[in-house]
Structures are given as C-alpha cells and as structure tokens.
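Here is the structure we will look at.
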Amino acid sequence: MNFRQQIAKYVTGNLTKSQLPSVGMIGLEEGFDSPSLRILAGLGESESSFVIDYYFDFSLKELNITLPDRRQAAIDYAMAFVDEILCKNIDVIEGTKEILQKAINSYDFFSESEKYCYDSIGFETAYGLYDLFNELSDNDYPLRVEENLDLKIETRDSLLAELKRWVDKLKNCA
C-alpha cells in the first residue's frame, strides 16, 4: 500500500496513531520529504500519541496533503485492496471480504443506497457477485458438485473482472 492509501487506512480507523511512524517511512521511501515527515518516520511506536499526532499533522501541512473525509478514505482504502488483488498479492474472494469489512463498512454507504446495496459508489455488482460466491460455498446449495464448482469459478472470474471495472471507473472519475 502506498503513502496516500496508508493515510486512508488511518482515516478509516484501520491504523492506530502508534503505527503512523511506519506510514511516515513509507512516505519517505516514495519520495515525499519534509522535516516533520523525517521526524515522524524516526519516531518509535512507543512514542506519545500527542507527539506522533503533532508530527503527522505537520507532515501533511508541509506536504500540502489534505486528509480525505471518512467517505473518500473508505473508497481509497478499498481501491488499495483492489490493487493488491490485481497484483495477485491477495485472493479475490479474501480481498473482497477485506474491502467490505475493513474499507467499505468503515463508512455508512448502505444508507446512501438508492436501489441496490452500495450502488452509490458503483460497488453493487461486485457485492452481488461476492454474495453469490458465498452462497455457492454453502454446503446446502442444491447443485451437483461439478456444476457448483463451475459456477463458483465463473463467479470468481466475474468478480475479478468487476473489481477491475470498478477501480477503473473510480480512477477515471477522480
């Protein structure tokens, strides 16, 4: 995950303040540089949260980076998972589970839904395919084993293709 994705992870509540020095190190490794970022990257995880917060805030100011709101951070963090899936660092099903549990559910997108769950961010098709895969994984599903396996493979492939479309759509809108 890159520096900005790590910031989104923090905003969504998936990183603690004590983990921000390692985020600072990622920023330096990616070519971001400021006096406060260097100090932040050098702090230990046992450092006071006030000190970490101070240098994190000043790093962002010096780098002219604005913290995303929680909604945008959830989307950015979800896109980081899609990047991991597309690079084959994480399985598509496990990655989609992480997208839902850690990223999308960190904000109340469900309340924005108009017709389908998560349609406000265009994630409804991916969510439906993920849900279908889980249904097919249930032992009570009435298909023969080989039909079920074929459908699971097809669903997994469709989910991967949909995640690619979703992240491309979001990147084109940015």
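Scheme for the structure tokens: letters A, B, ... for chains in order shown; per-chain residue numbers from 1; ligand numbers from 1 in order shown.
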
Query - helix (DSSP H, G or I) call set, DSSP backbone run, chain A, as number ranges by chain - result: A: 3-11, 17-29, 35-42, 49-62, 70-86, 92-106, 109-112, 119-121, 124-137, 145-173

Query raised in the report: Using only C-alpha atoms, which residues sit within 9 Å of region 42-49 of chain A once same-chain residues fewer than 2 positions away are excluded, as a ChimeraX atom specification?
Result: /A:17-22,24-25,37-40,51-54

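Coordinates place CA of Glu98 (chain A) at a distance of 19.1 Å from CA of Lys152 (chain A).
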
**Report entry** Counting only C-alpha atoms, the residue of A:Ser120, A:Asn148, A:Ser111, A:Thr96 that sits nearest Leu160 (chain A)
**Finding:** A:Thr96

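Every protein or nucleic acid residue with an atom no more than 7 Å from Asp76 (chain A), counting only C-alpha atoms and leaving out same-chain residues fewer than 3 positions away, appears here: Gln5, Ala8, Gln72, Ala73, Met79 and Ala80 of chain A.
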
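The coordinates place CA of Pro68 (chain A) at 9.7 Å from CA of Thr12 (chain A).
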
Requested in this report: Tell me which protein, DNA and RNA residues are within 12 Å of Arg165 (chain A), counting only C-alpha atoms, leaving out same-chain ones fewer than 6 positions away, and put them as a list of chain:residue names.
Outcome: A:Met79, A:Val82, A:Leu86, A:Gly122, A:Phe123, A:Thr125, A:Ala126, A:Ser158, A:Leu159, A:Lys171, A:Asn172

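Atom to atom, CA of Leu15 (chain A) and CA of Ile75 (chain A) stand 15.7 Å apart.
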
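Checking A:Arg156, A:Lys61, A:Lys164, A:Lys102 one by one against Ala78 (chain A), counting only C-alpha atoms, you find the shortest gap at A:Lys102.
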
Query raised in the report: Can you tell me, as a PyMOL selection string, what residues are no more than 8 Å from Ser36 (chain A) when counting only C-alpha atoms, ignoring any on the same chain fewer than 4 positions away?
Result: chain A and resi 40+55-56+58-59+62

Could you save the residues just selected, with all heavy atoms, as a PDB file, in the first residue's frame?
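And here is the file that came out, again-v4.pdb:
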```pdb
ATOM      1  N   LEU A  40       8.709  12.226  11.985  1.00  0.00           N
ATOM      2  CA  LEU A  40       7.646  11.227  12.179  1.00  0.00           C
ATOM      3  C   LEU A  40       8.168   9.824  11.880  1.00  0.00           C
ATOM      4  O   LEU A  40       7.955   8.891  12.661  1.00  0.00           O
ATOM      5  CB  LEU A  40       6.448  11.534  11.275  1.00  0.00           C
ATOM      6  CG  LEU A  40       5.310  10.512  11.290  1.00  0.00           C
ATOM      7  CD1 LEU A  40       4.623  10.484  12.642  1.00  0.00           C
ATOM      8  CD2 LEU A  40       4.305  10.821  10.177  1.00  0.00           C
ATOM      9  N   TYR A  55       3.505  15.545  14.702  1.00  0.00           N
ATOM     10  CA  TYR A  55       4.371  15.432  13.521  1.00  0.00           C
ATOM     11  C   TYR A  55       3.627  14.908  12.300  1.00  0.00           C
ATOM     12  O   TYR A  55       3.938  15.284  11.173  1.00  0.00           O
ATOM     13  CB  TYR A  55       5.613  14.594  13.834  1.00  0.00           C
ATOM     14  CG  TYR A  55       6.593  15.394  14.653  1.00  0.00           C
ATOM     15  CD1 TYR A  55       6.786  15.130  16.002  1.00  0.00           C
ATOM     16  CD2 TYR A  55       7.295  16.459  14.087  1.00  0.00           C
ATOM     17  CE1 TYR A  55       7.658  15.888  16.762  1.00  0.00           C
ATOM     18  CE2 TYR A  55       8.165  17.227  14.841  1.00  0.00           C
ATOM     19  CZ  TYR A  55       8.339  16.941  16.176  1.00  0.00           C
ATOM     20  OH  TYR A  55       9.198  17.712  16.924  1.00  0.00           O
ATOM     21  N   PHE A  56       2.621  14.081  12.510  1.00  0.00           N
ATOM     22  CA  PHE A  56       1.802  13.620  11.389  1.00  0.00           C
ATOM     23  C   PHE A  56       1.055  14.810  10.779  1.00  0.00           C
ATOM     24  O   PHE A  56       1.087  15.022   9.562  1.00  0.00           O
ATOM     25  CB  PHE A  56       0.820  12.541  11.848  1.00  0.00           C
ATOM     26  CG  PHE A  56      -0.110  12.051  10.770  1.00  0.00           C
ATOM     27  CD1 PHE A  56       0.369  11.315   9.697  1.00  0.00           C
ATOM     28  CD2 PHE A  56      -1.468  12.317  10.837  1.00  0.00           C
ATOM     29  CE1 PHE A  56      -0.480  10.860   8.699  1.00  0.00           C
ATOM     30  CE2 PHE A  56      -2.332  11.859   9.849  1.00  0.00           C
ATOM     31  CZ  PHE A  56      -1.834  11.132   8.779  1.00  0.00           C
ATOM     32  N   PHE A  58       1.765  18.033  11.012  1.00  0.00           N
ATOM     33  CA  PHE A  58       2.690  18.961  10.372  1.00  0.00           C
ATOM     34  C   PHE A  58       3.252  18.395   9.077  1.00  0.00           C
ATOM     35  O   PHE A  58       3.486  19.147   8.120  1.00  0.00           O
ATOM     36  CB  PHE A  58       3.817  19.379  11.327  1.00  0.00           C
ATOM     37  CG  PHE A  58       3.517  20.689  11.994  1.00  0.00           C
ATOM     38  CD1 PHE A  58       2.848  20.725  13.201  1.00  0.00           C
ATOM     39  CD2 PHE A  58       3.863  21.884  11.388  1.00  0.00           C
ATOM     40  CE1 PHE A  58       2.537  21.932  13.803  1.00  0.00           C
ATOM     41  CE2 PHE A  58       3.561  23.104  11.982  1.00  0.00           C
ATOM     42  CZ  PHE A  58       2.892  23.122  13.193  1.00  0.00           C
ATOM     43  N   SER A  59       3.459  17.094   9.025  1.00  0.00           N
ATOM     44  CA  SER A  59       3.926  16.468   7.780  1.00  0.00           C
ATOM     45  C   SER A  59       2.929  16.724   6.661  1.00  0.00           C
ATOM     46  O   SER A  59       3.315  17.102   5.549  1.00  0.00           O
ATOM     47  CB  SER A  59       4.106  14.959   7.963  1.00  0.00           C
ATOM     48  OG  SER A  59       5.097  14.671   8.890  1.00  0.00           O
ATOM     49  N   GLU A  62       3.107  20.381   5.599  1.00  0.00           N
ATOM     50  CA  GLU A  62       4.321  20.670   4.828  1.00  0.00           C
ATOM     51  C   GLU A  62       4.262  20.048   3.426  1.00  0.00           C
ATOM     52  O   GLU A  62       4.809  20.607   2.486  1.00  0.00           O
ATOM     53  CB  GLU A  62       5.548  20.133   5.570  1.00  0.00           C
ATOM     54  CG  GLU A  62       5.873  20.912   6.830  1.00  0.00           C
ATOM     55  CD  GLU A  62       6.920  20.253   7.694  1.00  0.00           C
ATOM     56  OE1 GLU A  62       7.297  19.083   7.441  1.00  0.00           O
ATOM     57  OE2 GLU A  62       7.381  20.913   8.641  1.00  0.00           O
TER      58      GLU A  62
END
```

Requested in this report: Excluding Ser137 (chain A) and any residue of its chain fewer than 4 positions from it, enumerate the residues within 10 Å of it, using only C-alpha atoms, and give them as a PyMOL selection string.
Outcome: chain A and resi 131-133+141+148-149+152
